[in-house]
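Asks: So that we are looking at the same thing, I have put the structure below in structure tokens.
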Amino acid sequence: MERLYLARKITRSKWDPKPYTGEGVRADAITSCLRTQEDSLSFWRCNHDPLDVKEVILALALGEKRDRLDKIEIVLLEQKRLISDGFVFKPTDGDTLVSDLRARHLDLVELSLMKLYMLASHIIKVTRGSSEAYYFYSFNEKNVTAIVKAATIAGRVEEKNLPPKMQEQLTKIK
Amino acid sequence: MATIAPYKSIKFPSNLLMPPTILAMSDSEEVSAKIPDSSYRQTLDREIKESGKHIRQSGWRGIGKKFAEDLYNLLKYNNVEYGYSHPAEQLIERTLKTYGDLAVPWIFDLYDKNVISQPQLTADILKCLGRLNPYLIYDWGYKLALKALSHGDIEVRETAIAALELWGGEEALLILKNIAFNESTLWLKKYIEQIISDLAE
């Protein structure tokens with residue numbers, strides 16, 4: 001049976017330890033990458049197939065408030081492990097200009113400090129490479145721009161509807 | 001006969017060339033004492049005109065100080081995030097377009113003052129610079145990135161690499177090739193190798 005994953009955008013460098021954290025997690029990793037709103041966090045569903053991962057990158061790159069294309073880093077956490085840890089999911093429309101991807105979105109809701117700690121522990125397993133069940137992906141600016149360009153060519157999003165800076169970036173790739 | 005008050009060249013980072021005609025005023029001198037006679041004023045006017053700079057002879061140090069304060073405040077209270085423009089980018093771009101190479105030491109100074117104590121702010125400076133057109137940062141931006149690549153904080157190194165990716169060019173490729181072997185963090189090393197591969201295409 002195909003494994004399902006939940007993807008979350010992170011800043012990878014914030015998850016590396018500092019001398020004062022020992023093997024622990026930096027506070028900045030929590031306050032920057034796991035910043036909750038209404039006690040919930042945004043995730044995107046995908047499987048481990050590279051094409052499916054690119055769909056998540058596309059959704060994130062064209063988040064409605066984003067105005068430029070930059071590198072994106074994500075972690076994939078296995079959904080069933082999060083379920084067994086008692087996390088609660090709520091499907092919600094994703095914040096992205098690509099309408100056919102909005103249904104992939106869900107929120108982890110009813111989060112508490114303990115749940116955030118558990119979530120951080122899962123992410124640590126990804127970033128420290130101690131689990132095969134999780135994955136980390138990094139797409140540089142060129143990769144992200146190419147993914148968005150392909151989506152405009154396929155007609156999934158109209159280039160003219162993108163912010164001016166993004167349009168400028170898209171013109172630079174062949 | 002009027003004597004020429006002491007002047008000194010702007011302290012640029014090592015190997016960074018500035019237009020040789022531009023002079024900076026001594027830190028210890030009052031601005032009013034800088035233009036001791038009309039012949040010097042004419043010389044200075046001519047030199048500034050020749051270098052294409054339209055800067056008032058007096059007060060540019062004040063402009064630099066104000067720029068550094070404004071930039072610091074913009075970055076200190078609002079982190080620069082990937083995917084989102086930041087007002088600091090416009091401030092840096094506008095300042096570089098207006099003051100040219102004169103603004104470069106202002107940026108280096110702010111970087112140097114915070115490089116140890118505030119790596120996040122240092123990284124944010126690099127993120128903003130990375131978003132500028134390469135002609136605005138050539139070639140001092142590459143030198144700043146090279147400096148940042150030896151920083152102990154991984155976020156600073158990562159943003160320096162990201163800046164080099166955005167600027168591109170032979171210089172970026174050369175720098176990345178030279179530091180790839182020194183990077184001990186595996187995921188960052190992979191990122192460098194990916195960019196080297198992209199830039200080499």
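Ordering of the structure tokens sets the chain letters (A, B, ...), residue numbers begin anew at 1 in every chain, and ligands are numbered from 1 in the order given.
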If you take only C-alpha atoms and a cut-off of 12 Å, which residues of stretch 10-79 of chain A touch stretch 81-99 of chain B, and what are their nearest atom pairs and distances in Å to one decimal, in chain and number order, as CSV?
Replies:
```
residue,atom,partner,partner_atom,distance
A:Ile10,CA,B:Tyr82,CA,10.5
A:Thr11,CA,B:Tyr82,CA,9.1
A:Ser32,CA,B:Glu81,CA,10.0
A:Cys33,CA,B:Glu81,CA,11.1
A:Ile57,CA,B:Gly83,CA,11.9
A:Leu60,CA,B:Gly83,CA,9.2
A:Ala61,CA,B:Gly83,CA,7.2
A:Leu62,CA,B:Gly83,CA,9.0
A:Gly63,CA,B:Gly83,CA,8.9
A:Glu64,CA,B:Gly83,CA,10.7
A:Lys65,CA,B:Tyr84,CA,7.8
A:Arg66,CA,B:Tyr84,CA,5.3
A:Asp67,CA,B:Tyr84,CA,5.5
A:Arg68,CA,B:Gly83,CA,5.0
A:Leu69,CA,B:Gly83,CA,5.4
A:Asp70,CA,B:Gly83,CA,5.2
A:Lys71,CA,B:Tyr82,CA,6.8
A:Ile72,CA,B:Tyr82,CA,7.5
A:Glu73,CA,B:Tyr82,CA,10.0
```
Asks: Residues near stretch 152-158 of chain B, anyone? I mean within 7 Å using only C-alpha atoms, not counting same-chain ones fewer than 4 positions away, as a PDB file with C-alpha atoms, in the first residue's frame.
Replies:
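To be explicit, this is the file written out as part_14.pdb:
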```pdb
ATOM      1  CA  SER A  13      19.466  25.565   8.525  1.00  0.00           C
TER       2      SER A  13
ATOM      3  CA  PRO B 119      24.048  35.881  12.495  1.00  0.00           C
ATOM      4  CA  THR B 122      23.906  38.945   8.778  1.00  0.00           C
ATOM      5  CA  ALA B 123      22.068  36.243   6.854  1.00  0.00           C
ATOM      6  CA  ALA B 148      30.337  34.709   4.683  1.00  0.00           C
ATOM      7  CA  ALA B 162      21.802  31.203  -2.157  1.00  0.00           C
ATOM      8  CA  LEU B 188      24.619  22.130   2.451  1.00  0.00           C
TER       9      LEU B 188
END
```
Asks: I want to know what sits within 9 Å of A:Gln79, based on only C-alpha atoms, with residues of the same chain fewer than 3 positions away left out; could you give that as a list in words?
Replies: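 Returned residues: Arg3, Leu4, Tyr5, Leu6, Arg45, Leu76, Leu82, Ile83 and Ser84 of chain A.
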Asks: May I have all residues of stretch 10-153 of chain A that DSSP, computed from the backbone, assigns to strand (DSSP E), given as a VMD selection string?
Replies: chain A and resid 10 41 to 46 72 to 78 88 to 91 105 to 109 135 to 139
Asks: With C-alpha atoms retained, export the selected residues as an mmCIF file, in the first residue's frame.
Replies:
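The file below, out.cif, is the result:
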```cif
data_model
loop_
_atom_site.group_PDB
_atom_site.id
_atom_site.type_symbol
_atom_site.label_atom_id
_atom_site.label_comp_id
_atom_site.auth_asym_id
_atom_site.auth_seq_id
_atom_site.Cartn_x
_atom_site.Cartn_y
_atom_site.Cartn_z
ATOM 1 C CA ILE A 10 10.884 24.492 6.804
ATOM 2 C CA LEU A 41 -0.238 24.318 11.145
ATOM 3 C CA SER A 42 -0.465 24.055 7.377
ATOM 4 C CA PHE A 43 0.520 20.831 5.555
ATOM 5 C CA TRP A 44 0.184 19.441 2.034
ATOM 6 C CA ARG A 45 -0.612 15.829 1.210
ATOM 7 C CA CYS A 46 1.626 13.905 -1.137
ATOM 8 C CA ILE A 72 11.999 25.936 -0.946
ATOM 9 C CA GLU A 73 12.814 23.254 1.596
ATOM 10 C CA ILE A 74 10.270 20.738 2.847
ATOM 11 C CA VAL A 75 10.057 17.758 5.133
ATOM 12 C CA LEU A 76 7.755 14.830 4.481
ATOM 13 C CA LEU A 77 6.289 13.192 7.563
ATOM 14 C CA GLU A 78 4.474 9.903 7.295
ATOM 15 C CA VAL A 88 -5.820 15.738 14.473
ATOM 16 C CA PHE A 89 -6.219 16.758 10.798
ATOM 17 C CA LYS A 90 -8.700 19.050 9.169
ATOM 18 C CA PRO A 91 -8.892 19.353 5.361
ATOM 19 C CA HIS A 105 -4.124 20.957 1.811
ATOM 20 C CA LEU A 106 -4.903 20.208 5.401
ATOM 21 C CA ASP A 107 -4.248 21.676 8.799
ATOM 22 C CA LEU A 108 -2.922 19.960 11.876
ATOM 23 C CA VAL A 109 -5.304 21.375 14.437
ATOM 24 C CA TYR A 135 12.234 12.742 3.899
ATOM 25 C CA PHE A 136 13.796 16.110 3.326
ATOM 26 C CA TYR A 137 13.747 17.861 -0.039
ATOM 27 C CA SER A 138 15.433 21.046 -1.137
ATOM 28 C CA PHE A 139 14.540 22.786 -4.389
#
```
